[in-house]
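> Sharing a structure, written as structure tokens. Questions coming.
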There are 2 protein chains.
Amino acid sequence: VQPPLLIDWAGREFVQLRPGIHAATVLSDDLTVSMYRYEPGSRWEEHSHPEDQLTIVISGEIVFRTPDGELRLRPGQQALIPGGLPHAAEVGDAEVSTLNVWPPRGSGRP
Amino acid sequence: VQPPLLIDWAGREFVQLRPGIHAATVLSDDLTVSMYRYEPGSRWEEHSHPEDQLTIVISGEIVFRTPDGELRLRPGQQALIPGGLPHAAEVGDAEVSTLNVWPPRGSGRP
């Protein structure tokens, strides 16, 4: 038995996943949790994955785009992106941090 | 295909799970997402469940206690509570909102 695990991102390695977008990830048996740090002006091209994705904005503002619309999220707001839905993300002139949660990767619905 | 789902808690029903603790829940195929609103001075007694739990503090401060220690979380901070670990939660003189994420309930490790 161990105390609740504060996720201390400062002590974790961030890797650059896209130009100006850095991520650190914590894996548990049941969840995949990633902190994304977006540099100003960075963007993630449209992509999709079979797993549902929960995104919580920690700081800054981010815009998600899908084939059907866009959604601007502010700090504390959350989006639940259904598995299989193409989505892109873009940030403005300020740094943005988002927390992203998936099931264990590879466990997604077909 | 639908736009990313902003989770609009204002439009959802909150139910009282413990005295002074109210929750609304969004279920997806892969994730269980609940917003908890704690009234000042409310507490959740020690309990456990087989699923890992991610808690993100949206506003206010909350203290988690386990048999081995306590952890105070501030806005934006997160804890990952391993499945099976007994934990209690307590808030002080201010309202607290936390977002909690589990896998689909019942899918947890034995």
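Please note that chains go A, B, ... in the order of the structure tokens, that every chain numbers its residues from 1, and that ligands are numbered from 1 in the order shown.
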Which chain A residues have any atom within 7 Å of an atom of chain B, and for each, what is the nearest pair of atoms with distance in Å to one decimal, counting only C-alpha atoms, rows sorted by chain and number, as CSV?


```
residue,atom,partner,partner_atom,distance
A:Val1,CA,B:Leu85,CA,6.5
A:Gln2,CA,B:Asp68,CA,6.1
A:Pro3,CA,B:Asp68,CA,5.4
A:Pro4,CA,B:Ile81,CA,5.1
A:Leu5,CA,B:Leu80,CA,5.2
A:Leu6,CA,B:Ala79,CA,4.4
A:Ile7,CA,B:Ala79,CA,5.6
A:Asp30,CA,B:Asp52,CA,5.9
A:Leu31,CA,B:Pro103,CA,6.8
A:Glu51,CA,B:Asp30,CA,6.8
A:Asp52,CA,B:Asp30,CA,5.9
A:Ile58,CA,B:Gly76,CA,5.8
A:Thr66,CA,B:Pro3,CA,5.8
A:Asp68,CA,B:Pro3,CA,5.4
A:Gly69,CA,B:Pro3,CA,5.5
A:Glu70,CA,B:Pro3,CA,6.9
A:Leu71,CA,B:Pro4,CA,6.8
A:Gly76,CA,B:Ile58,CA,5.8
A:Gln78,CA,B:Ile7,CA,5.7
A:Ala79,CA,B:Leu6,CA,4.4
A:Leu80,CA,B:Leu5,CA,5.2
A:Ile81,CA,B:Pro4,CA,5.1
A:Leu85,CA,B:Val1,CA,6.6
A:Pro103,CA,B:Asp30,CA,6.0
```

> Within 10 Å of stretch 35-38 of chain B, counting only C-alpha atoms, which residues qualify if same-chain residues fewer than 2 places away don't, as a PyMOL selection string?

chain B and resi 7+9+14-26+33+40-44+55-60+62+89-92+94-101

> Over all C-alpha pairs taken in sequence order, what does chain A look like after a least-squares fit onto chain B? Please give it as a CSV table (one decimal) with N, CA, C and O atoms, in the first residue's frame.


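Full text of selection.csv as output:
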```csv
chain,number,residue,atom,x,y,z
A,1,VAL,N,-20.5,11.4,-37.6
A,1,VAL,CA,-19.4,12.2,-37.1
A,1,VAL,C,-20.0,13.5,-36.4
A,1,VAL,O,-20.8,14.1,-37.0
A,2,GLN,N,-19.5,13.7,-35.3
A,2,GLN,CA,-20.0,14.9,-34.5
A,2,GLN,C,-18.8,15.7,-34.0
A,2,GLN,O,-17.7,15.2,-33.8
A,3,PRO,N,-19.1,17.0,-33.7
A,3,PRO,CA,-18.0,17.8,-33.1
A,3,PRO,C,-17.5,17.3,-31.8
A,3,PRO,O,-18.2,16.5,-31.1
A,4,PRO,N,-16.3,17.7,-31.4
A,4,PRO,CA,-15.8,17.3,-30.1
A,4,PRO,C,-16.8,17.7,-29.0
A,4,PRO,O,-17.4,18.7,-29.1
A,5,LEU,N,-17.0,16.8,-28.1
A,5,LEU,CA,-18.0,17.0,-27.1
A,5,LEU,C,-17.5,17.9,-25.9
A,5,LEU,O,-16.7,17.3,-25.1
A,6,LEU,N,-17.8,19.1,-25.8
A,6,LEU,CA,-17.6,19.9,-24.6
A,6,LEU,C,-18.4,19.3,-23.5
A,6,LEU,O,-19.6,19.1,-23.7
A,7,ILE,N,-17.8,19.0,-22.4
A,7,ILE,CA,-18.6,18.4,-21.3
A,7,ILE,C,-19.2,19.6,-20.6
A,7,ILE,O,-18.5,20.4,-19.9
A,8,ASP,N,-20.5,19.8,-20.8
A,8,ASP,CA,-21.2,21.0,-20.2
A,8,ASP,C,-21.9,20.5,-18.9
A,8,ASP,O,-23.0,20.1,-18.9
A,9,TRP,N,-21.1,20.7,-17.8
A,9,TRP,CA,-21.7,20.2,-16.6
A,9,TRP,C,-22.9,20.9,-16.1
A,9,TRP,O,-23.7,20.4,-15.4
A,10,ALA,N,-23.0,22.2,-16.5
A,10,ALA,CA,-24.1,23.0,-16.1
A,10,ALA,C,-25.5,22.4,-16.6
A,10,ALA,O,-26.5,22.6,-15.9
A,11,GLY,N,-25.4,21.6,-17.7
A,11,GLY,CA,-26.7,21.1,-18.2
A,11,GLY,C,-26.9,19.6,-17.7
A,11,GLY,O,-27.8,19.0,-18.2
A,12,ARG,N,-26.1,19.2,-16.7
A,12,ARG,CA,-26.2,17.8,-16.3
A,12,ARG,C,-26.7,17.7,-14.9
A,12,ARG,O,-26.6,18.6,-14.1
A,13,GLU,N,-27.4,16.6,-14.6
A,13,GLU,CA,-27.9,16.4,-13.3
A,13,GLU,C,-26.9,16.0,-12.3
A,13,GLU,O,-26.1,15.0,-12.5
A,14,PHE,N,-26.8,16.7,-11.2
A,14,PHE,CA,-25.9,16.3,-10.1
A,14,PHE,C,-26.7,15.6,-9.0
A,14,PHE,O,-27.8,16.0,-8.6
A,15,VAL,N,-26.2,14.5,-8.5
A,15,VAL,CA,-26.8,13.7,-7.5
A,15,VAL,C,-25.9,13.7,-6.3
A,15,VAL,O,-24.7,13.8,-6.4
A,16,GLN,N,-26.6,13.7,-5.1
A,16,GLN,CA,-25.8,13.7,-3.8
A,16,GLN,C,-25.3,12.3,-3.5
A,16,GLN,O,-26.2,11.4,-3.3
A,17,LEU,N,-24.0,12.1,-3.5
A,17,LEU,CA,-23.5,10.8,-3.2
A,17,LEU,C,-23.2,10.6,-1.7
A,17,LEU,O,-23.2,9.5,-1.2
A,18,ARG,N,-22.8,11.7,-1.1
A,18,ARG,CA,-22.5,11.7,0.3
A,18,ARG,C,-23.0,13.0,0.8
A,18,ARG,O,-23.2,13.9,0.0
A,19,PRO,N,-23.2,13.2,2.1
A,19,PRO,CA,-23.7,14.6,2.6
A,19,PRO,C,-22.8,15.7,2.0
A,19,PRO,O,-21.6,15.7,2.3
A,20,GLY,N,-23.3,16.6,1.3
A,20,GLY,CA,-22.6,17.7,0.7
A,20,GLY,C,-21.7,17.4,-0.4
A,20,GLY,O,-20.9,18.3,-0.9
A,21,ILE,N,-21.7,16.2,-1.0
A,21,ILE,CA,-20.9,15.9,-2.1
A,21,ILE,C,-21.9,15.5,-3.3
A,21,ILE,O,-22.6,14.5,-3.2
A,22,HIS,N,-21.8,16.2,-4.4
A,22,HIS,CA,-22.7,16.1,-5.5
A,22,HIS,C,-21.9,15.7,-6.7
A,22,HIS,O,-20.8,16.2,-7.0
A,23,ALA,N,-22.4,14.8,-7.5
A,23,ALA,CA,-21.7,14.3,-8.7
A,23,ALA,C,-22.6,14.2,-9.9
A,23,ALA,O,-23.7,13.9,-9.8
A,24,ALA,N,-22.0,14.5,-11.0
A,24,ALA,CA,-22.5,14.3,-12.3
A,24,ALA,C,-21.5,13.4,-13.1
A,24,ALA,O,-20.3,13.6,-13.0
A,25,THR,N,-22.1,12.5,-14.0
A,25,THR,CA,-21.2,11.6,-14.6
A,25,THR,C,-21.5,11.5,-16.1
A,25,THR,O,-22.6,11.5,-16.5
A,26,VAL,N,-20.4,11.4,-16.9
A,26,VAL,CA,-20.5,11.2,-18.3
A,26,VAL,C,-19.8,9.8,-18.6
A,26,VAL,O,-18.7,9.6,-18.1
A,27,LEU,N,-20.5,8.9,-19.2
A,27,LEU,CA,-20.0,7.6,-19.6
A,27,LEU,C,-19.6,7.6,-21.1
A,27,LEU,O,-20.5,8.0,-21.9
A,28,SER,N,-18.5,7.1,-21.4
A,28,SER,CA,-18.2,6.8,-22.8
A,28,SER,C,-17.9,5.3,-22.8
A,28,SER,O,-17.9,4.6,-21.8
A,29,ASP,N,-17.6,4.8,-24.0
A,29,ASP,CA,-17.3,3.4,-24.1
A,29,ASP,C,-16.0,3.1,-23.3
A,29,ASP,O,-15.9,2.0,-22.8
A,30,ASP,N,-15.1,4.0,-23.3
A,30,ASP,CA,-13.8,3.7,-22.7
A,30,ASP,C,-13.5,4.4,-21.4
A,30,ASP,O,-12.5,4.0,-20.7
A,31,LEU,N,-14.3,5.4,-21.0
A,31,LEU,CA,-14.0,6.1,-19.8
A,31,LEU,C,-15.2,6.5,-19.0
A,31,LEU,O,-16.3,6.6,-19.6
A,32,THR,N,-15.1,6.6,-17.7
A,32,THR,CA,-16.1,7.1,-16.8
A,32,THR,C,-15.6,8.4,-16.3
A,32,THR,O,-14.5,8.5,-15.7
A,33,VAL,N,-16.3,9.5,-16.5
A,33,VAL,CA,-15.8,10.9,-16.1
A,33,VAL,C,-16.9,11.5,-15.2
A,33,VAL,O,-18.0,11.7,-15.6
A,34,SER,N,-16.5,11.8,-14.0
A,34,SER,CA,-17.4,12.5,-13.0
A,34,SER,C,-16.9,13.8,-12.5
A,34,SER,O,-15.7,13.9,-12.1
A,35,MET,N,-17.8,14.8,-12.5
A,35,MET,CA,-17.5,16.0,-11.8
A,35,MET,C,-18.0,15.9,-10.4
A,35,MET,O,-19.2,15.6,-10.2
A,36,TYR,N,-17.2,16.1,-9.4
A,36,TYR,CA,-17.6,16.1,-8.0
A,36,TYR,C,-17.6,17.5,-7.4
A,36,TYR,O,-16.6,18.2,-7.6
A,37,ARG,N,-18.7,17.9,-6.8
A,37,ARG,CA,-18.7,19.2,-6.1
A,37,ARG,C,-18.9,19.0,-4.6
A,37,ARG,O,-19.8,18.4,-4.2
A,38,TYR,N,-17.9,19.4,-3.9
A,38,TYR,CA,-17.8,19.2,-2.5
A,38,TYR,C,-18.3,20.6,-1.8
A,38,TYR,O,-17.6,21.6,-2.0
A,39,GLU,N,-19.3,20.5,-1.0
A,39,GLU,CA,-19.6,21.7,-0.1
A,39,GLU,C,-18.5,21.8,1.0
A,39,GLU,O,-17.8,20.8,1.3
A,40,PRO,N,-18.3,23.0,1.5
A,40,PRO,CA,-17.3,23.2,2.5
A,40,PRO,C,-17.5,22.2,3.7
A,40,PRO,O,-18.6,22.0,4.1
A,41,GLY,N,-16.4,21.7,4.1
A,41,GLY,CA,-16.5,20.8,5.3
A,41,GLY,C,-16.9,19.3,4.9
A,41,GLY,O,-17.0,18.5,5.8
A,42,SER,N,-17.2,19.1,3.7
A,42,SER,CA,-17.7,17.7,3.4
A,42,SER,C,-16.5,16.7,3.3
A,42,SER,O,-15.4,17.1,3.1
A,43,ARG,N,-16.8,15.5,3.4
A,43,ARG,CA,-15.8,14.4,3.4
A,43,ARG,C,-16.4,13.1,2.8
A,43,ARG,O,-17.5,12.9,2.9
A,44,TRP,N,-15.5,12.4,2.3
A,44,TRP,CA,-15.8,11.1,1.8
A,44,TRP,C,-15.1,10.1,2.6
A,44,TRP,O,-13.8,10.1,2.7
A,45,GLU,N,-15.8,9.2,3.2
A,45,GLU,CA,-15.1,8.2,4.1
A,45,GLU,C,-14.2,7.3,3.4
A,45,GLU,O,-14.3,7.1,2.2
A,46,GLU,N,-13.3,6.6,4.1
A,46,GLU,CA,-12.4,5.7,3.4
A,46,GLU,C,-13.1,4.6,2.7
A,46,GLU,O,-14.1,4.0,3.2
A,47,HIS,N,-12.7,4.4,1.5
A,47,HIS,CA,-13.3,3.3,0.6
A,47,HIS,C,-12.2,2.9,-0.4
A,47,HIS,O,-11.2,3.5,-0.5
A,48,SER,N,-12.5,1.9,-1.1
A,48,SER,CA,-11.6,1.5,-2.2
A,48,SER,C,-12.5,0.9,-3.3
A,48,SER,O,-13.6,0.5,-3.1
A,49,HIS,N,-11.9,0.8,-4.5
A,49,HIS,CA,-12.5,0.2,-5.6
A,49,HIS,C,-11.4,-0.4,-6.5
A,49,HIS,O,-10.3,0.0,-6.4
A,50,PRO,N,-11.7,-1.4,-7.3
A,50,PRO,CA,-10.7,-2.1,-8.0
A,50,PRO,C,-10.1,-1.2,-9.1
A,50,PRO,O,-8.9,-1.5,-9.5
A,51,GLU,N,-10.8,-0.2,-9.6
A,51,GLU,CA,-10.3,0.6,-10.8
A,51,GLU,C,-9.3,1.6,-10.3
A,51,GLU,O,-9.5,2.3,-9.2
A,52,ASP,N,-8.3,1.9,-11.1
A,52,ASP,CA,-7.5,3.1,-10.9
A,52,ASP,C,-8.3,4.3,-11.0
A,52,ASP,O,-9.3,4.4,-11.8
A,53,GLN,N,-8.0,5.4,-10.3
A,53,GLN,CA,-8.8,6.6,-10.3
A,53,GLN,C,-7.8,7.8,-10.5
A,53,GLN,O,-6.9,8.0,-9.8
A,54,LEU,N,-8.1,8.6,-11.5
A,54,LEU,CA,-7.4,9.8,-11.7
A,54,LEU,C,-8.3,10.9,-11.2
A,54,LEU,O,-9.5,11.0,-11.6
A,55,THR,N,-7.8,11.8,-10.4
A,55,THR,CA,-8.5,13.0,-9.9
A,55,THR,C,-7.7,14.2,-10.3
A,55,THR,O,-6.5,14.3,-10.0
A,56,ILE,N,-8.4,15.2,-10.9
A,56,ILE,CA,-7.8,16.5,-11.2
A,56,ILE,C,-8.6,17.5,-10.5
A,56,ILE,O,-9.9,17.6,-10.5
A,57,VAL,N,-7.9,18.4,-9.7
A,57,VAL,CA,-8.6,19.4,-9.0
A,57,VAL,C,-8.9,20.6,-10.0
A,57,VAL,O,-8.0,21.1,-10.6
A,58,ILE,N,-10.2,20.9,-10.1
A,58,ILE,CA,-10.6,22.0,-10.9
A,58,ILE,C,-10.6,23.3,-10.1
A,58,ILE,O,-10.1,24.4,-10.6
A,59,SER,N,-11.1,23.3,-8.9
A,59,SER,CA,-11.1,24.5,-8.1
A,59,SER,C,-11.1,24.1,-6.6
A,59,SER,O,-11.6,23.1,-6.3
A,60,GLY,N,-10.4,24.9,-5.8
A,60,GLY,CA,-10.3,24.6,-4.4
A,60,GLY,C,-9.2,23.6,-4.0
A,60,GLY,O,-8.4,23.3,-4.9
A,61,GLU,N,-9.2,23.2,-2.8
A,61,GLU,CA,-8.2,22.3,-2.3
A,61,GLU,C,-8.8,21.1,-1.6
A,61,GLU,O,-9.8,21.2,-0.9
A,62,ILE,N,-8.2,19.9,-1.9
A,62,ILE,CA,-8.8,18.7,-1.3
A,62,ILE,C,-7.6,17.9,-0.7
A,62,ILE,O,-6.5,17.9,-1.2
A,63,VAL,N,-7.9,17.2,0.4
A,63,VAL,CA,-6.9,16.3,1.0
A,63,VAL,C,-7.4,14.9,0.8
A,63,VAL,O,-8.5,14.5,1.2
A,64,PHE,N,-6.5,14.0,0.2
A,64,PHE,CA,-6.7,12.6,0.2
A,64,PHE,C,-5.9,12.0,1.3
A,64,PHE,O,-4.8,12.3,1.5
A,65,ARG,N,-6.5,11.0,2.0
A,65,ARG,CA,-5.8,10.2,3.0
A,65,ARG,C,-5.8,8.8,2.6
A,65,ARG,O,-6.9,8.2,2.2
A,66,THR,N,-4.7,8.1,2.9
A,66,THR,CA,-4.6,6.7,2.7
A,66,THR,C,-4.0,6.1,4.0
A,66,THR,O,-3.6,6.9,4.9
A,67,PRO,N,-4.0,4.8,4.2
A,67,PRO,CA,-3.3,4.3,5.4
A,67,PRO,C,-1.9,4.8,5.6
A,67,PRO,O,-1.4,4.7,6.7
A,68,ASP,N,-1.3,5.2,4.5
A,68,ASP,CA,0.1,5.6,4.6
A,68,ASP,C,0.5,7.0,4.6
A,68,ASP,O,1.6,7.4,4.7
A,69,GLY,N,-0.5,7.9,4.4
A,69,GLY,CA,-0.1,9.3,4.3
A,69,GLY,C,-1.3,10.1,3.8
A,69,GLY,O,-2.4,9.7,3.5
A,70,GLU,N,-1.0,11.4,3.6
A,70,GLU,CA,-2.0,12.3,3.1
A,70,GLU,C,-1.4,13.2,2.0
A,70,GLU,O,-0.2,13.4,1.9
A,71,LEU,N,-2.3,13.6,1.1
A,71,LEU,CA,-1.8,14.4,0.0
A,71,LEU,C,-2.8,15.6,-0.2
A,71,LEU,O,-4.0,15.3,-0.4
A,72,ARG,N,-2.3,16.8,-0.2
A,72,ARG,CA,-3.1,17.9,-0.4
A,72,ARG,C,-3.0,18.4,-1.9
A,72,ARG,O,-1.8,18.6,-2.4
A,73,LEU,N,-4.1,18.5,-2.6
A,73,LEU,CA,-4.1,18.8,-4.0
A,73,LEU,C,-4.7,20.2,-4.2
A,73,LEU,O,-5.7,20.5,-3.7
A,74,ARG,N,-4.0,21.0,-5.0
A,74,ARG,CA,-4.5,22.3,-5.4
A,74,ARG,C,-5.0,22.3,-6.8
A,74,ARG,O,-4.8,21.4,-7.6
A,75,PRO,N,-5.6,23.4,-7.2
A,75,PRO,CA,-6.2,23.5,-8.6
A,75,PRO,C,-5.2,23.1,-9.7
A,75,PRO,O,-4.0,23.7,-9.7
A,76,GLY,N,-5.6,22.3,-10.6
A,76,GLY,CA,-4.7,21.8,-11.7
A,76,GLY,C,-3.9,20.6,-11.3
A,76,GLY,O,-3.3,20.0,-12.2
A,77,GLN,N,-3.7,20.3,-10.0
A,77,GLN,CA,-2.9,19.1,-9.7
A,77,GLN,C,-3.8,17.9,-9.8
A,77,GLN,O,-5.0,17.9,-9.8
A,78,GLN,N,-3.0,16.8,-10.0
A,78,GLN,CA,-3.7,15.5,-10.2
A,78,GLN,C,-3.1,14.4,-9.4
A,78,GLN,O,-1.9,14.4,-9.1
A,79,ALA,N,-3.9,13.4,-9.0
A,79,ALA,CA,-3.5,12.2,-8.3
A,79,ALA,C,-4.0,11.0,-9.1
A,79,ALA,O,-5.1,11.0,-9.6
A,80,LEU,N,-3.1,10.0,-9.1
A,80,LEU,CA,-3.5,8.7,-9.7
A,80,LEU,C,-3.6,7.7,-8.5
A,80,LEU,O,-2.5,7.3,-8.0
A,81,ILE,N,-4.8,7.3,-8.2
A,81,ILE,CA,-5.0,6.4,-7.0
A,81,ILE,C,-5.1,5.0,-7.6
A,81,ILE,O,-6.0,4.7,-8.3
A,82,PRO,N,-4.1,4.2,-7.2
A,82,PRO,CA,-4.2,2.8,-7.7
A,82,PRO,C,-5.4,2.0,-7.3
A,82,PRO,O,-5.9,2.2,-6.1
A,83,GLY,N,-5.9,1.2,-8.1
A,83,GLY,CA,-7.0,0.4,-7.8
A,83,GLY,C,-6.7,-0.4,-6.5
A,83,GLY,O,-5.6,-0.9,-6.3
A,84,GLY,N,-7.7,-0.5,-5.6
A,84,GLY,CA,-7.6,-1.3,-4.4
A,84,GLY,C,-7.0,-0.5,-3.2
A,84,GLY,O,-7.0,-1.0,-2.1
A,85,LEU,N,-6.5,0.7,-3.5
A,85,LEU,CA,-5.9,1.5,-2.4
A,85,LEU,C,-7.0,2.2,-1.6
A,85,LEU,O,-7.7,3.0,-2.2
A,86,PRO,N,-7.2,1.9,-0.3
A,86,PRO,CA,-8.2,2.7,0.5
A,86,PRO,C,-7.8,4.2,0.5
A,86,PRO,O,-6.7,4.5,0.7
A,87,HIS,N,-8.8,5.0,0.3
A,87,HIS,CA,-8.6,6.4,0.3
A,87,HIS,C,-9.8,7.1,0.8
A,87,HIS,O,-11.0,6.7,0.6
A,88,ALA,N,-9.6,8.3,1.5
A,88,ALA,CA,-10.7,9.1,2.0
A,88,ALA,C,-10.4,10.5,1.4
A,88,ALA,O,-9.2,10.8,1.1
A,89,ALA,N,-11.4,11.4,1.4
A,89,ALA,CA,-11.2,12.7,0.9
A,89,ALA,C,-11.9,13.7,1.8
A,89,ALA,O,-12.9,13.4,2.4
A,90,GLU,N,-11.3,14.9,1.9
A,90,GLU,CA,-11.9,15.9,2.9
A,90,GLU,C,-11.5,17.3,2.3
A,90,GLU,O,-10.4,17.5,1.8
A,91,VAL,N,-12.5,18.2,2.4
A,91,VAL,CA,-12.3,19.5,2.0
A,91,VAL,C,-12.4,20.5,3.2
A,91,VAL,O,-13.0,20.1,4.2
A,92,GLY,N,-11.9,21.7,3.0
A,92,GLY,CA,-11.9,22.7,4.1
A,92,GLY,C,-13.1,23.6,4.0
A,92,GLY,O,-14.2,23.2,3.8
A,93,ASP,N,-12.8,24.9,4.2
A,93,ASP,CA,-13.9,25.9,4.3
A,93,ASP,C,-14.4,26.4,3.0
A,93,ASP,O,-15.2,27.3,3.0
A,94,ALA,N,-13.8,25.9,1.9
A,94,ALA,CA,-14.2,26.4,0.6
A,94,ALA,C,-14.8,25.3,-0.2
A,94,ALA,O,-14.5,24.1,0.0
A,95,GLU,N,-15.6,25.6,-1.2
A,95,GLU,CA,-16.1,24.6,-2.1
A,95,GLU,C,-15.0,24.1,-3.0
A,95,GLU,O,-14.0,24.8,-3.3
A,96,VAL,N,-15.1,22.9,-3.4
A,96,VAL,CA,-14.1,22.2,-4.2
A,96,VAL,C,-14.8,21.5,-5.3
A,96,VAL,O,-15.9,20.9,-5.2
A,97,SER,N,-14.2,21.6,-6.5
A,97,SER,CA,-14.6,20.8,-7.6
A,97,SER,C,-13.5,19.9,-8.1
A,97,SER,O,-12.3,20.4,-8.3
A,98,THR,N,-13.7,18.6,-8.3
A,98,THR,CA,-12.7,17.7,-8.8
A,98,THR,C,-13.3,17.0,-10.0
A,98,THR,O,-14.5,16.7,-10.0
A,99,LEU,N,-12.5,16.7,-11.0
A,99,LEU,CA,-12.9,15.8,-12.1
A,99,LEU,C,-12.2,14.5,-11.8
A,99,LEU,O,-11.0,14.4,-11.5
A,100,ASN,N,-13.0,13.4,-11.9
A,100,ASN,CA,-12.5,12.1,-11.6
A,100,ASN,C,-12.7,11.2,-12.8
A,100,ASN,O,-13.8,11.2,-13.5
A,101,VAL,N,-11.7,10.4,-13.1
A,101,VAL,CA,-11.7,9.5,-14.3
A,101,VAL,C,-11.4,8.1,-13.9
A,101,VAL,O,-10.4,7.9,-13.1
A,102,TRP,N,-12.2,7.2,-14.3
A,102,TRP,CA,-12.0,5.8,-14.2
A,102,TRP,C,-12.1,5.1,-15.5
A,102,TRP,O,-12.7,5.7,-16.4
A,103,PRO,N,-11.7,3.9,-15.6
A,103,PRO,CA,-12.2,3.1,-16.8
A,103,PRO,C,-13.7,2.8,-16.6
A,103,PRO,O,-14.2,3.2,-15.6
A,104,PRO,N,-14.3,2.3,-17.6
A,104,PRO,CA,-15.7,1.9,-17.4
A,104,PRO,C,-15.9,1.1,-16.2
A,104,PRO,O,-15.1,0.1,-15.9
A,105,ARG,N,-16.7,1.5,-15.3
A,105,ARG,CA,-16.8,0.8,-14.0
A,105,ARG,C,-17.2,-0.6,-14.2
A,105,ARG,O,-18.0,-1.0,-15.0
A,106,GLY,N,-16.6,-1.4,-13.4
A,106,GLY,CA,-16.8,-2.9,-13.5
A,106,GLY,C,-15.8,-3.5,-14.3
A,106,GLY,O,-15.7,-4.8,-14.3
A,107,SER,N,-15.0,-2.7,-15.0
A,107,SER,CA,-13.9,-3.3,-15.8
A,107,SER,C,-12.6,-3.4,-15.1
A,107,SER,O,-11.6,-3.8,-15.7
A,108,GLY,N,-12.6,-3.0,-13.8
A,108,GLY,CA,-11.3,-2.9,-13.1
A,108,GLY,C,-10.7,-4.2,-12.9
A,108,GLY,O,-11.3,-5.3,-13.0
A,109,ARG,N,-9.4,-4.1,-12.5
A,109,ARG,CA,-8.7,-5.3,-12.2
A,109,ARG,C,-9.3,-6.0,-11.0
A,109,ARG,O,-9.7,-5.3,-10.1
A,110,PRO,N,-9.2,-7.3,-10.9
A,110,PRO,CA,-9.8,-8.0,-9.7
A,110,PRO,C,-8.9,-7.7,-8.5
A,110,PRO,O,-7.8,-7.3,-8.6
```

> Once DSSP has gone over the backbone, tell me which residues of chain B are in strand (DSSP E), as a count of residues only.

58
